[in-house]
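my_file_5.cif follows (mmCIF, C-alpha atoms and all ligand atoms):
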data_structure
loop_
_atom_site.label_atom_id
_atom_site.label_comp_id
_atom_site.auth_asym_id
_atom_site.auth_seq_id
_atom_site.Cartn_x
_atom_site.Cartn_y
_atom_site.Cartn_z
CA MET U 219 -43.90 -71.78 53.17
CA SER U 220 -43.04 -74.19 50.34
CA LYS U 221 -45.04 -77.34 49.75
CA THR U 222 -42.28 -79.55 51.19
CA GLY U 223 -41.72 -77.10 54.01
CA SER U 224 -45.33 -77.56 55.05
CA GLN U 225 -44.81 -81.34 55.32
CA PRO U 226 -42.13 -81.62 58.00
CA ASN U 227 -42.43 -85.42 58.25
CA ILE U 228 -41.40 -85.96 54.65
CA VAL U 229 -37.67 -86.36 53.90
CA SER U 230 -37.55 -84.36 50.69
CA PRO U 231 -34.60 -84.78 48.26
CA ALA U 232 -33.42 -81.34 49.41
CA LEU U 233 -33.51 -82.38 53.07
CA ALA U 234 -31.70 -85.65 52.29
CA ALA U 235 -28.98 -83.81 50.35
CA GLN U 236 -28.71 -81.09 52.97
CA SER U 237 -28.38 -83.61 55.82
CA GLN U 238 -25.47 -85.28 54.02
CA MET U 239 -23.80 -81.89 53.64
CA VAL U 240 -24.37 -80.98 57.29
CA TYR U 241 -22.65 -84.22 58.30
CA GLY U 242 -20.06 -84.00 55.51
CA ALA U 243 -17.25 -83.96 58.08
CA GLN U 244 -18.29 -87.47 59.14
CA THR U 245 -17.79 -88.80 55.59
CA ALA U 246 -14.39 -87.07 55.31
CA GLN U 247 -13.26 -88.65 58.58
CA VAL U 248 -14.47 -92.14 57.59
CA ILE U 249 -12.55 -91.78 54.32
CA TYR U 250 -9.51 -90.68 56.35
CA VAL U 251 -9.75 -93.84 58.48
CA VAL U 252 -9.87 -95.95 55.30
CA ALA U 253 -6.83 -94.11 53.88
CA LYS U 254 -4.82 -94.21 57.11
CA LEU U 255 -5.44 -97.94 57.66
CA GLY U 256 -4.69 -98.70 54.00
CA ILE U 257 -8.02 -100.53 53.62
CA ALA U 258 -8.40 -99.85 49.89
CA ASP U 259 -4.95 -101.36 49.25
CA LEU U 260 -5.93 -104.46 51.24
CA LEU U 261 -9.08 -104.90 49.12
CA LYS U 262 -7.33 -104.09 45.85
CA GLU U 263 -6.64 -107.63 44.59
CA GLN U 264 -9.82 -109.37 45.72
CA PRO U 265 -12.93 -108.99 47.92
CA LYS U 266 -12.34 -109.79 51.60
CA ASP U 267 -14.42 -110.15 54.74
CA VAL U 268 -14.29 -107.79 57.68
CA VAL U 269 -12.35 -110.21 59.91
CA GLU U 270 -9.50 -110.45 57.37
CA ILE U 271 -9.25 -106.65 57.11
CA ALA U 272 -9.60 -106.23 60.89
CA THR U 273 -6.75 -108.71 61.46
CA ALA U 274 -4.52 -107.03 58.88
CA THR U 275 -5.11 -103.56 60.34
CA GLY U 276 -5.22 -104.53 64.04
CA VAL U 277 -8.67 -103.10 64.73
CA SER U 278 -11.90 -104.59 66.09
CA ALA U 279 -13.93 -106.50 63.47
CA ALA U 280 -17.18 -105.35 65.11
CA VAL U 281 -16.21 -101.69 64.81
CA LEU U 282 -14.85 -102.14 61.29
CA GLN U 283 -18.16 -103.70 60.25
CA ARG U 284 -19.85 -100.41 61.20
CA ILE U 285 -17.34 -98.45 59.11
CA PHE U 286 -17.93 -100.84 56.19
CA ASN U 287 -21.72 -100.39 56.47
CA PHE U 288 -21.20 -96.62 56.17
CA LEU U 289 -18.86 -97.09 53.19
CA VAL U 290 -21.47 -99.24 51.44
CA SER U 291 -24.07 -96.50 52.07
CA ARG U 292 -21.74 -93.94 50.46
CA GLY U 293 -21.06 -96.11 47.40
CA LEU U 294 -17.40 -96.77 48.18
CA LEU U 295 -17.74 -100.50 48.96
CA GLY U 296 -19.99 -103.22 47.56
CA ASP U 297 -21.44 -105.83 49.94
CA LEU U 298 -21.26 -109.18 48.12
CA GLY U 299 -23.79 -110.72 50.54
CA ASP U 300 -21.50 -113.59 51.57
CA GLY U 301 -19.63 -111.61 54.25
CA ARG U 302 -17.15 -110.19 51.73
CA PHE U 303 -16.80 -106.62 50.51
CA ASP U 304 -15.18 -105.23 47.39
CA LEU U 305 -14.22 -101.77 46.20
CA THR U 306 -16.53 -99.89 43.86
CA ASP U 307 -15.00 -97.78 41.06
CA MET U 308 -15.20 -94.78 43.40
CA GLY U 309 -13.69 -96.74 46.31
CA ARG U 310 -10.74 -97.73 44.10
CA LEU U 311 -9.69 -94.07 43.96
CA LEU U 312 -8.52 -94.55 47.56
CA GLU U 313 -5.88 -97.12 46.48
CA SER U 314 -2.58 -95.42 47.24
CA ASP U 315 -0.66 -96.15 44.02
CA ARG U 316 -3.10 -95.06 41.31
CA VAL U 317 -2.31 -92.01 39.17
CA ASP U 318 -5.76 -90.66 40.01
CA SER U 319 -5.60 -91.63 43.69
CA VAL U 320 -7.18 -89.34 46.31
CA HIS U 321 -5.33 -91.18 49.10
CA GLN U 322 -2.88 -88.35 49.89
CA ARG U 323 -5.61 -85.75 49.72
CA ALA U 324 -7.71 -87.71 52.22
CA LEU U 325 -4.75 -87.74 54.64
CA PHE U 326 -3.89 -84.08 54.12
CA ASN U 327 -7.49 -82.97 54.46
CA ALA U 328 -7.96 -84.73 57.80
CA GLU U 329 -4.53 -84.10 59.33
CA VAL U 330 -3.86 -80.54 58.18
CA LEU U 331 -6.95 -78.82 56.76
CA PHE U 332 -9.54 -80.26 59.14
CA PRO U 333 -8.42 -78.27 62.20
CA LEU U 334 -8.45 -75.16 60.00
CA TRP U 335 -12.03 -75.72 58.87
CA GLY U 336 -12.91 -75.82 62.56
CA GLU U 337 -11.85 -72.16 62.75
CA LEU U 338 -13.64 -70.97 59.60
CA LEU U 339 -16.10 -68.90 61.64
CA HIS U 340 -13.15 -67.20 63.29
CA SER U 341 -11.63 -66.45 59.84
CA VAL U 342 -14.90 -65.07 58.54
CA THR U 343 -15.65 -62.89 61.55
CA SER U 344 -12.12 -61.66 62.29
CA GLY U 345 -10.47 -61.69 58.86
CA GLU U 346 -7.54 -63.57 60.43
CA SER U 347 -6.57 -66.84 58.72
CA ALA U 348 -7.53 -70.04 60.53
CA ALA U 349 -3.87 -71.08 60.29
CA GLU U 350 -2.87 -68.07 62.43
CA ARG U 351 -5.32 -69.23 65.08
CA VAL U 352 -4.44 -72.97 64.94
CA PHE U 353 -0.69 -72.91 64.18
CA GLY U 354 0.07 -69.34 65.28
CA GLN U 355 1.32 -68.59 61.74
CA PRO U 356 0.40 -69.06 58.06
CA LEU U 357 0.34 -72.67 56.85
CA TYR U 358 3.49 -72.37 54.71
CA ARG U 359 5.58 -71.18 57.67
CA HIS U 360 4.16 -74.00 59.78
CA LEU U 361 5.13 -76.47 57.03
CA ALA U 362 8.68 -75.10 56.98
CA GLN U 363 9.06 -76.05 60.66
CA HIS U 364 7.40 -79.50 60.36
CA PRO U 365 9.18 -81.59 57.73
CA GLU U 366 6.79 -84.56 57.96
CA THR U 367 3.76 -82.35 57.37
CA ARG U 368 5.70 -80.61 54.59
CA ALA U 369 6.34 -84.00 52.97
CA LEU U 370 2.62 -84.86 53.23
CA PHE U 371 1.80 -81.45 51.66
CA ASP U 372 4.26 -82.06 48.80
CA ARG U 373 2.87 -85.54 48.10
CA THR U 374 -0.67 -84.16 48.15
CA MET U 375 0.19 -81.29 45.78
CA ALA U 376 1.99 -83.69 43.43
CA SER U 377 -0.99 -86.04 43.27
CA ALA U 378 -3.50 -83.21 42.84
CA ALA U 379 -1.37 -81.31 40.30
CA ARG U 380 -1.69 -84.09 37.72
CA HIS U 381 -5.39 -83.31 37.48
CA ARG U 382 -4.61 -79.67 36.64
CA HIS U 383 -1.50 -80.00 34.50
CA GLY U 384 -2.75 -82.70 32.09
CA PRO U 385 -5.97 -80.82 31.24
CA ALA U 386 -4.07 -77.51 30.83
CA VAL U 387 -1.54 -79.10 28.46
CA ALA U 388 -4.39 -80.63 26.46
CA ALA U 389 -6.27 -77.30 26.27
CA TYR U 390 -3.45 -75.09 24.93
CA ASP U 391 -0.98 -75.37 22.05
CA PHE U 392 2.41 -75.16 23.77
CA SER U 393 4.21 -76.52 20.68
CA GLN U 394 4.29 -72.98 19.19
CA PHE U 395 7.02 -71.87 21.64
CA ARG U 396 10.81 -72.27 21.57
CA THR U 397 11.46 -71.75 25.29
CA ILE U 398 8.92 -71.97 28.11
CA ILE U 399 9.72 -70.75 31.64
CA ASP U 400 7.47 -72.01 34.43
CA VAL U 401 7.69 -69.35 37.15
CA GLY U 402 6.96 -70.89 40.57
CA GLY U 403 7.22 -74.22 38.75
CA GLY U 404 7.73 -76.30 41.90
CA ASN U 405 9.04 -79.78 41.16
CA GLY U 406 8.84 -79.24 37.40
CA ALA U 407 5.80 -81.44 36.87
CA LEU U 408 4.04 -78.98 34.53
CA VAL U 409 7.05 -78.28 32.31
CA ILE U 410 7.75 -82.02 32.15
CA SER U 411 4.13 -82.66 31.01
CA ILE U 412 4.44 -79.92 28.38
CA LEU U 413 7.77 -81.20 27.01
CA GLN U 414 6.49 -84.78 26.96
CA ALA U 415 3.46 -83.65 24.94
CA CYS U 416 5.39 -81.32 22.57
CA GLN U 417 8.74 -82.24 21.01
CA GLY U 418 9.78 -78.69 19.97
CA PRO U 419 10.07 -76.42 23.03
CA ARG U 420 12.80 -76.29 25.65
CA GLY U 421 11.79 -75.75 29.28
CA ILE U 422 13.06 -73.90 32.35
CA VAL U 423 11.69 -74.34 35.85
CA PHE U 424 12.15 -71.20 37.94
CA ASP U 425 11.45 -71.44 41.66
CA LEU U 426 12.91 -70.50 45.02
CA PRO U 427 16.43 -71.95 45.47
CA ALA U 428 15.17 -74.49 48.05
CA ALA U 429 12.78 -76.03 45.50
CA VAL U 430 15.18 -76.33 42.59
CA GLU U 431 16.94 -79.56 43.55
CA SER U 432 13.67 -81.47 43.52
CA ALA U 433 12.86 -80.01 40.08
CA ARG U 434 16.29 -81.14 38.78
CA GLU U 435 15.70 -84.67 40.08
CA HIS U 436 12.28 -84.85 38.40
CA ILE U 437 13.65 -83.49 35.11
CA LYS U 438 16.44 -86.09 35.19
CA ALA U 439 14.05 -88.91 36.09
CA ALA U 440 11.85 -87.91 33.14
CA GLY U 441 14.90 -88.15 30.82
CA LEU U 442 14.57 -84.48 29.84
CA SER U 443 17.88 -83.04 31.09
CA ASP U 444 18.87 -82.17 27.50
CA ARG U 445 15.75 -80.02 26.96
CA CYS U 446 15.02 -78.70 30.40
CA SER U 447 16.82 -77.01 33.30
CA ALA U 448 15.95 -75.54 36.69
CA ILE U 449 17.02 -72.10 37.94
CA GLY U 450 16.70 -70.87 41.52
CA GLY U 451 15.66 -67.32 42.38
CA ASP U 452 12.98 -65.06 43.78
CA ALA U 453 10.37 -63.98 41.25
CA LEU U 454 9.71 -60.85 43.33
CA GLU U 455 13.25 -59.76 42.48
CA GLY U 456 13.33 -60.86 38.83
CA VAL U 457 12.81 -63.79 36.46
CA PRO U 458 15.15 -65.06 33.72
CA ALA U 459 14.89 -63.29 30.36
CA GLY U 460 14.88 -64.91 26.95
CA ALA U 461 11.87 -67.21 26.88
CA ASP U 462 8.96 -66.68 24.50
CA ALA U 463 6.42 -68.09 27.00
CA TYR U 464 6.14 -67.40 30.73
CA VAL U 465 3.81 -69.78 32.55
CA LEU U 466 2.54 -69.24 36.10
CA SER U 467 0.44 -72.13 37.41
CA ASN U 468 -1.39 -72.17 40.76
CA PHE U 469 0.91 -69.34 41.81
CA LEU U 470 -0.93 -66.01 41.90
CA ILE U 471 -3.88 -67.55 43.77
CA ASP U 472 -1.82 -67.48 46.95
CA MET U 473 -0.96 -63.77 46.68
CA ASP U 474 -2.59 -60.45 47.34
CA ASP U 475 -2.85 -58.06 44.39
CA ASP U 476 0.33 -56.12 45.24
CA ARG U 477 2.54 -59.23 45.18
CA ALA U 478 0.75 -60.63 42.12
CA ARG U 479 1.32 -57.34 40.24
CA ALA U 480 4.97 -57.26 41.35
CA ILE U 481 5.61 -60.75 39.97
CA LEU U 482 3.71 -60.10 36.74
CA SER U 483 5.73 -56.90 36.25
CA ARG U 484 8.95 -58.91 36.66
CA CYS U 485 7.74 -61.29 33.96
CA ARG U 486 6.88 -58.36 31.66
CA ALA U 487 10.33 -56.84 32.19
CA ALA U 488 11.99 -60.15 31.28
CA MET U 489 9.85 -60.76 28.22
CA ALA U 490 10.32 -59.59 24.63
CA ASP U 491 7.38 -57.72 23.05
CA GLY U 492 6.38 -60.82 21.10
CA GLY U 493 6.24 -63.03 24.21
CA THR U 494 3.23 -64.74 25.75
CA LEU U 495 2.16 -64.96 29.37
CA LEU U 496 0.05 -67.92 30.43
CA LEU U 497 -1.67 -68.17 33.80
CA ILE U 498 -3.08 -71.56 34.78
CA GLU U 499 -5.43 -70.65 37.58
CA TRP U 500 -8.93 -71.05 38.96
CA VAL U 501 -11.24 -68.26 37.78
CA MET U 502 -14.32 -67.34 39.82
CA PRO U 503 -17.29 -67.50 37.44
CA ASN U 504 -19.37 -64.36 36.86
CA ALA U 505 -22.99 -64.30 38.00
CA ASP U 506 -24.22 -64.67 34.39
CA GLU U 507 -22.21 -67.87 33.78
CA GLU U 508 -23.70 -71.27 34.48
CA PRO U 509 -20.67 -73.20 35.68
CA ASP U 510 -20.28 -76.94 35.69
CA PRO U 511 -21.13 -78.06 39.27
CA TYR U 512 -17.81 -79.89 39.91
CA ARG U 513 -15.68 -77.01 38.61
CA PHE U 514 -17.74 -74.47 40.53
CA TRP U 515 -17.34 -76.48 43.73
CA ASP U 516 -13.57 -76.94 43.18
CA THR U 517 -13.13 -73.21 42.47
CA THR U 518 -15.06 -72.01 45.53
CA SER U 519 -13.40 -74.69 47.68
CA MET U 520 -9.92 -73.49 46.62
CA ASP U 521 -10.94 -69.92 47.41
CA LEU U 522 -11.93 -70.87 50.96
CA ILE U 523 -8.75 -72.93 51.38
CA MET U 524 -6.84 -69.72 50.57
CA LEU U 525 -8.88 -67.91 53.23
CA THR U 526 -8.04 -70.48 55.91
CA ILE U 527 -4.37 -71.20 55.18
CA GLY U 528 -3.24 -67.57 55.18
CA GLY U 529 -0.58 -67.99 52.49
CA SER U 530 1.37 -64.87 51.67
CA GLY U 531 -1.70 -62.88 52.72
CA GLY U 532 -4.77 -61.92 50.72
CA GLY U 533 -4.66 -64.96 48.43
CA HIS U 534 -7.96 -65.64 46.68
CA VAL U 535 -9.52 -66.91 43.47
CA ARG U 536 -9.92 -63.99 41.07
CA THR U 537 -12.69 -63.24 38.59
CA ALA U 538 -11.84 -62.67 34.91
CA GLY U 539 -12.27 -58.93 35.56
CA GLU U 540 -9.82 -59.03 38.48
CA PHE U 541 -7.26 -60.87 36.34
CA GLN U 542 -7.75 -58.27 33.62
CA GLU U 543 -7.01 -55.48 36.12
CA ILE U 544 -3.82 -56.94 37.61
CA LEU U 545 -2.60 -57.87 34.11
CA LYS U 546 -3.25 -54.36 32.80
CA ALA U 547 -1.49 -52.79 35.77
CA SER U 548 1.54 -55.00 35.03
CA GLY U 549 1.82 -54.19 31.33
CA PHE U 550 -0.26 -57.02 29.79
CA VAL U 551 -3.48 -57.33 27.84
CA LEU U 552 -5.70 -60.31 28.57
CA LYS U 553 -6.26 -62.01 25.21
CA ARG U 554 -8.47 -65.00 26.04
CA ILE U 555 -9.43 -67.47 28.75
CA LEU U 556 -9.62 -71.13 27.77
CA SER U 557 -11.54 -73.74 29.72
CA THR U 558 -9.92 -77.08 30.46
CA SER U 559 -11.45 -80.41 31.45
CA ALA U 560 -10.41 -79.54 35.03
CA ALA U 561 -11.53 -76.58 37.12
CA VAL U 562 -8.47 -74.49 36.22
CA ARG U 563 -8.44 -72.31 33.10
CA VAL U 564 -5.64 -71.10 30.85
CA ILE U 565 -5.43 -67.30 30.72
CA GLU U 566 -3.44 -66.04 27.75
CA ALA U 567 -2.05 -62.50 27.96
CA LEU U 568 0.24 -60.50 25.69
CA PRO U 569 2.47 -57.52 26.40
CA GLY U 570 0.26 -54.43 26.15
C1 LIG O 601 1.42 -73.62 45.08
S1 LIG O 601 2.97 -73.96 44.42
C2 LIG O 601 2.57 -74.21 42.71
C3 LIG O 601 3.48 -75.22 42.05
C4 LIG O 601 3.16 -75.49 40.58
N1 LIG O 601 3.34 -74.30 39.76
C5 LIG O 601 1.78 -76.06 40.39
O1 LIG O 601 1.17 -75.79 39.37
O2 LIG O 601 1.31 -76.83 41.23
C6 LIG O 601 3.76 -72.39 44.40
C7 LIG O 601 5.23 -72.45 44.03
O3 LIG O 601 5.73 -71.12 43.96
C8 LIG O 601 7.01 -71.10 44.54
N2 LIG O 601 7.28 -69.72 44.98
C9 LIG O 601 6.70 -69.05 46.00
N3 LIG O 601 7.18 -67.80 46.08
C10 LIG O 601 8.09 -67.67 45.08
C11 LIG O 601 8.94 -66.62 44.65
N4 LIG O 601 8.94 -65.43 45.27
N5 LIG O 601 9.74 -66.84 43.60
C12 LIG O 601 9.77 -68.03 42.96
N6 LIG O 601 8.98 -69.07 43.32
C13 LIG O 601 8.16 -68.89 44.38
C14 LIG O 601 6.93 -72.10 45.66
O4 LIG O 601 8.22 -72.56 46.06
C15 LIG O 601 6.06 -73.20 45.03
O5 LIG O 601 6.86 -74.16 44.38
#

Would you give me this structure, written as structure tokens?
Ligand SMILES: C[S@@+](CC[C@H](N)C(=O)[O-])C[C@H]1O[C@@H](n2cnc3c(N)ncnc32)[C@H](O)[C@@H]1O
Amino acid sequence: MSKTGSQPNIVSPALAAQSQMVYGAQTAQVIYVVAKLGIADLLKEQPKDVVEIATATGVSAAVLQRIFNFLVSRGLLGDLGDGRFDLTDMGRLLESDRVDSVHQRALFNAEVLFPLWGELLHSVTSGESAAERVFGQPLYRHLAQHPETRALFDRTMASAARHRHGPAVAAYDFSQFRTIIDVGGGNGALVISILQACQGPRGIVFDLPAAVESAREHIKAAGLSDRCSAIGGDALEGVPAGADAYVLSNFLIDMDDDRARAILSRCRAAMADGGTLLLIEWVMPNADEEPDPYRFWDTTSMDLIMLTIGGSGGGHVRTAGEFQEILKASGFVLKRILSTSAAVRVIEALPG
């Protein structure tokens, strides 16, 4: 028995940290309440007392006081000692209109992912996704039938994507290309970031026909219609030829190896021998790597999200070795893997 283990009355740092993890769902739900009631936005301009916030949100001041006490304990609010509270730097991230806001993610986590986490044991023991158990189908099919949840999902992805796209654009020299196709490019956010950072290249967003209109709107709003277009199609059937760079971001993670290989092979077939393939994905660190704690958490968290949502089946975060294998089987050679300031990495591959 360890020294601390033999002193059960002492709250060791490990026990304190572990207790907070065990009750982590409580923190997530308190943050959800703050996001749903718009409390951070109400405190944005100046500190306020509980009664003012209770009146504005239509809840009991006595109950809100208890929520505020918890928020102070978690470092999200500061207690000014005169009855008023203000947001800490961390609390400000819950304001809804910041570029780095976690507001949408707090809503999505509680309203969509939370019931899935409740079935994680089922996923682990049965191999069936939690979404199958909770929604009777994979998350994406559920979203297709529930437009409001779909809209929440889209807003959440858009807010989270900024924290992947910016670091990826900063980590890799995209200015060397003439034409960049983003396969599974969604609303075009990544291509827009690349073209805003580099004057030279032209961009094409390639995604399912249903997604293309939104990409066109974003391209137009960014003032890039002269350098960028959007094409609808199914990457499993083929991707447009003629670009010198094919980018796939947060795309293969959702697929089993067969589908991932099929899409990579379509990219290889469309690409000239001098082309470049870039994957912007999470990479599971090897046992001999010492990963940065935040990136390691984000990577393993994404992997478990893939387990619970049951995307197109078999989606998971791959190791560098697993990427190497699916790339090789699709006609590519993995050249290098670049770290970014976010958890995602840029995997550069060339036709083999
Ligand atoms: C998780 S989103 C990633 C969006 C974006 N690349 C990013 O970095 O956040 C996956 C995208 O792939 C698209 N997609 C899924 N299956 C596809 C297919 N067979 N062909 C083309 N696009 C597809 C989806 O419509 C969606 O926009």

Between U:Val248, U:Lys254, U:Ala389, U:Ala362, which residue has the minimum interatomic distance to Thr275 (chain U), considering all atoms listed in the file?
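The answer is U:Lys254, which sits nearest to Thr275 (chain U).
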
Residues within 9 Å of region 483-486 of chain U, please, as a PyMOL selection string. Count all atoms listed in the file; anything in the same chain fewer than 2 positions from it doesn't count.
chain U and resi 401+453-459+464+478-481+488-491+493+495+545+547-550+569

Please identify all protein, DNA and RNA residues within 9 Å of ligand LIG 601 (chain O), counting only C-alpha atoms and all ligand atoms, and report them as a PDB file with C-alpha atoms, in the frame of the given file.
ATOM      1  CA  MET U 375       0.190 -81.290  45.780  1.00  0.00           C
ATOM      2  CA  ALA U 376       1.990 -83.690  43.430  1.00  0.00           C
ATOM      3  CA  ALA U 378      -3.500 -83.210  42.840  1.00  0.00           C
ATOM      4  CA  ALA U 379      -1.370 -81.310  40.300  1.00  0.00           C
ATOM      5  CA  ARG U 380      -1.690 -84.090  37.720  1.00  0.00           C
ATOM      6  CA  ARG U 382      -4.610 -79.670  36.640  1.00  0.00           C
ATOM      7  CA  HIS U 383      -1.500 -80.000  34.500  1.00  0.00           C
ATOM      8  CA  ASP U 400       7.470 -72.010  34.430  1.00  0.00           C
ATOM      9  CA  VAL U 401       7.690 -69.350  37.150  1.00  0.00           C
ATOM     10  CA  GLY U 402       6.960 -70.890  40.570  1.00  0.00           C
ATOM     11  CA  GLY U 403       7.220 -74.220  38.750  1.00  0.00           C
ATOM     12  CA  GLY U 404       7.730 -76.300  41.900  1.00  0.00           C
ATOM     13  CA  ASN U 405       9.040 -79.780  41.160  1.00  0.00           C
ATOM     14  CA  GLY U 406       8.840 -79.240  37.400  1.00  0.00           C
ATOM     15  CA  ALA U 407       5.800 -81.440  36.870  1.00  0.00           C
ATOM     16  CA  LEU U 408       4.040 -78.980  34.530  1.00  0.00           C
ATOM     17  CA  PHE U 424      12.150 -71.200  37.940  1.00  0.00           C
ATOM     18  CA  ASP U 425      11.450 -71.440  41.660  1.00  0.00           C
ATOM     19  CA  LEU U 426      12.910 -70.500  45.020  1.00  0.00           C
ATOM     20  CA  PRO U 427      16.430 -71.950  45.470  1.00  0.00           C
ATOM     21  CA  ALA U 428      15.170 -74.490  48.050  1.00  0.00           C
ATOM     22  CA  ALA U 429      12.780 -76.030  45.500  1.00  0.00           C
ATOM     23  CA  VAL U 430      15.180 -76.330  42.590  1.00  0.00           C
ATOM     24  CA  GLY U 450      16.700 -70.870  41.520  1.00  0.00           C
ATOM     25  CA  GLY U 451      15.660 -67.320  42.380  1.00  0.00           C
ATOM     26  CA  ASP U 452      12.980 -65.060  43.780  1.00  0.00           C
ATOM     27  CA  ALA U 453      10.370 -63.980  41.250  1.00  0.00           C
ATOM     28  CA  LEU U 454       9.710 -60.850  43.330  1.00  0.00           C
ATOM     29  CA  GLU U 455      13.250 -59.760  42.480  1.00  0.00           C
ATOM     30  CA  GLY U 456      13.330 -60.860  38.830  1.00  0.00           C
ATOM     31  CA  VAL U 457      12.810 -63.790  36.460  1.00  0.00           C
ATOM     32  CA  VAL U 465       3.810 -69.780  32.550  1.00  0.00           C
ATOM     33  CA  LEU U 466       2.540 -69.240  36.100  1.00  0.00           C
ATOM     34  CA  SER U 467       0.440 -72.130  37.410  1.00  0.00           C
ATOM     35  CA  ASN U 468      -1.390 -72.170  40.760  1.00  0.00           C
ATOM     36  CA  PHE U 469       0.910 -69.340  41.810  1.00  0.00           C
ATOM     37  CA  LEU U 470      -0.930 -66.010  41.900  1.00  0.00           C
ATOM     38  CA  ILE U 471      -3.880 -67.550  43.770  1.00  0.00           C
ATOM     39  CA  ASP U 472      -1.820 -67.480  46.950  1.00  0.00           C
ATOM     40  CA  ARG U 477       2.540 -59.230  45.180  1.00  0.00           C
ATOM     41  CA  ILE U 481       5.610 -60.750  39.970  1.00  0.00           C
ATOM     42  CA  ILE U 498      -3.080 -71.560  34.780  1.00  0.00           C
ATOM     43  CA  GLU U 499      -5.430 -70.650  37.580  1.00  0.00           C
ATOM     44  CA  SER U 530       1.370 -64.870  51.670  1.00  0.00           C
TER      45      SER U 530
END

Would you please work out which residue, of U:Leu338, U:Ile422, U:Cys416, U:Ala463, is nearest to Cys446 (chain U) when using only C-alpha atoms?
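With only C-alpha atoms as the atom set, the closest residue is U:Ile422.
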
Under the rule that all atoms listed in the file are counted, which of U:Ala243, U:Ala386, U:Ile257, U:Ala280 is the nearest residue to Val564 (chain U)?
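Using all atoms listed in the file, the shortest distance to Val564 (chain U) belongs to U:Ala386.
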
Between U:Asp510, U:Glu435, U:Ile249, U:Ala567, single out the one closest to Leu497 (chain U), counting only C-alpha atoms.
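Between U:Asp510, U:Glu435, U:Ile249, U:Ala567, the residue approaching Leu497 (chain U) most closely is U:Ala567.
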
Tell me which of U:Val252, U:Leu552, U:Ile437, U:Leu311 sits closest to Ser377 (chain U), counting only C-alpha atoms.
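Among the listed residues, U:Leu311 lies closest to Ser377 (chain U).
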
Give me, as a PyMOL selection string, all polymer residues having an atom no more than 9 Å from Gln355 (chain U), counting all atoms listed in the file and skipping those fewer than 6 positions away in the same chain.
chain U and resi 347+349+528

Writer output for current selection, C-alpha atoms, as an mmCIF file, keeping the file's coordinate frame:
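Written file, again-v6.cif:
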data_model
loop_
_atom_site.group_PDB
_atom_site.id
_atom_site.type_symbol
_atom_site.label_atom_id
_atom_site.label_comp_id
_atom_site.auth_asym_id
_atom_site.auth_seq_id
_atom_site.Cartn_x
_atom_site.Cartn_y
_atom_site.Cartn_z
ATOM 1 C CA SER U 347 -6.570 -66.840 58.720
ATOM 2 C CA ALA U 349 -3.870 -71.080 60.290
ATOM 3 C CA GLY U 528 -3.240 -67.570 55.180
#

Need to verify the contact set: Lys266 (chain U), 10 Å, only C-alpha atoms, exclusion of same-chain residues closer than 2 positions in sequence. Can you return it as a ChimeraX atom specification?
/U:260-264,268-271,298,300-305

Name the closest residue to Val409 (chain U) among the candidates U:Val501, U:Ile228, U:Ile527, U:Ala448; distances are taken between atoms, counting all atoms listed in the file.
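Residue with the minimum atom-to-atom distance to Val409 (chain U): U:Ala448.
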
List the neighbours of Val290 (chain U) out to 10 Å using all atoms listed in the file; skip same-chain residues closer than 4 positions along the sequence, and give me the result as a list of chain:residue names.
U:Arg284, U:Ile285, U:Phe286, U:Leu294, U:Leu295, U:Gly296, U:Asp297, U:Phe303, U:Asp304, U:Leu305, U:Thr306, U:Gly309

What does the distance from CA of Gly293 (chain U) to CA of Glu508 (chain U) come to in Å, to one decimal?
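According to the coordinates, CA of Gly293 (chain U) and CA of Glu508 (chain U) are separated by 28.1 Å.
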
CA of Glu346 (chain U) to CA of Gly533 (chain U): how many Å, to one decimal?
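Computing it gives 12.4 Å between the two atoms.
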
Neighbours of His360 (chain U) within 12 Å (all atoms listed in the file; same-chain residues fewer than 4 positions away dropped), as a list of chain:residue names?
U:Val330, U:Ala349, U:Glu350, U:Arg351, U:Val352, U:Phe353, U:Gly354, U:Gln355, U:Pro356, U:His364, U:Pro365, U:Glu366, U:Thr367, U:Arg368, U:Phe371, U:Ile527, U:Gly528, U:Gly529

Record the distance separating CA of Gly418 (chain U) and CA of Asp318 (chain U), expressed in Å with one decimal.
28.0 Å

Axis-aligned box for all listed atoms of region 232-238 of chain U, 6 Å per side, centre and edges in Å to one decimal, as AutoDock Vina command-line options:
--center_x -29.5 --center_y -83.4 --center_z 52.6 --size_x 20.0 --size_y 16.6 --size_z 18.4
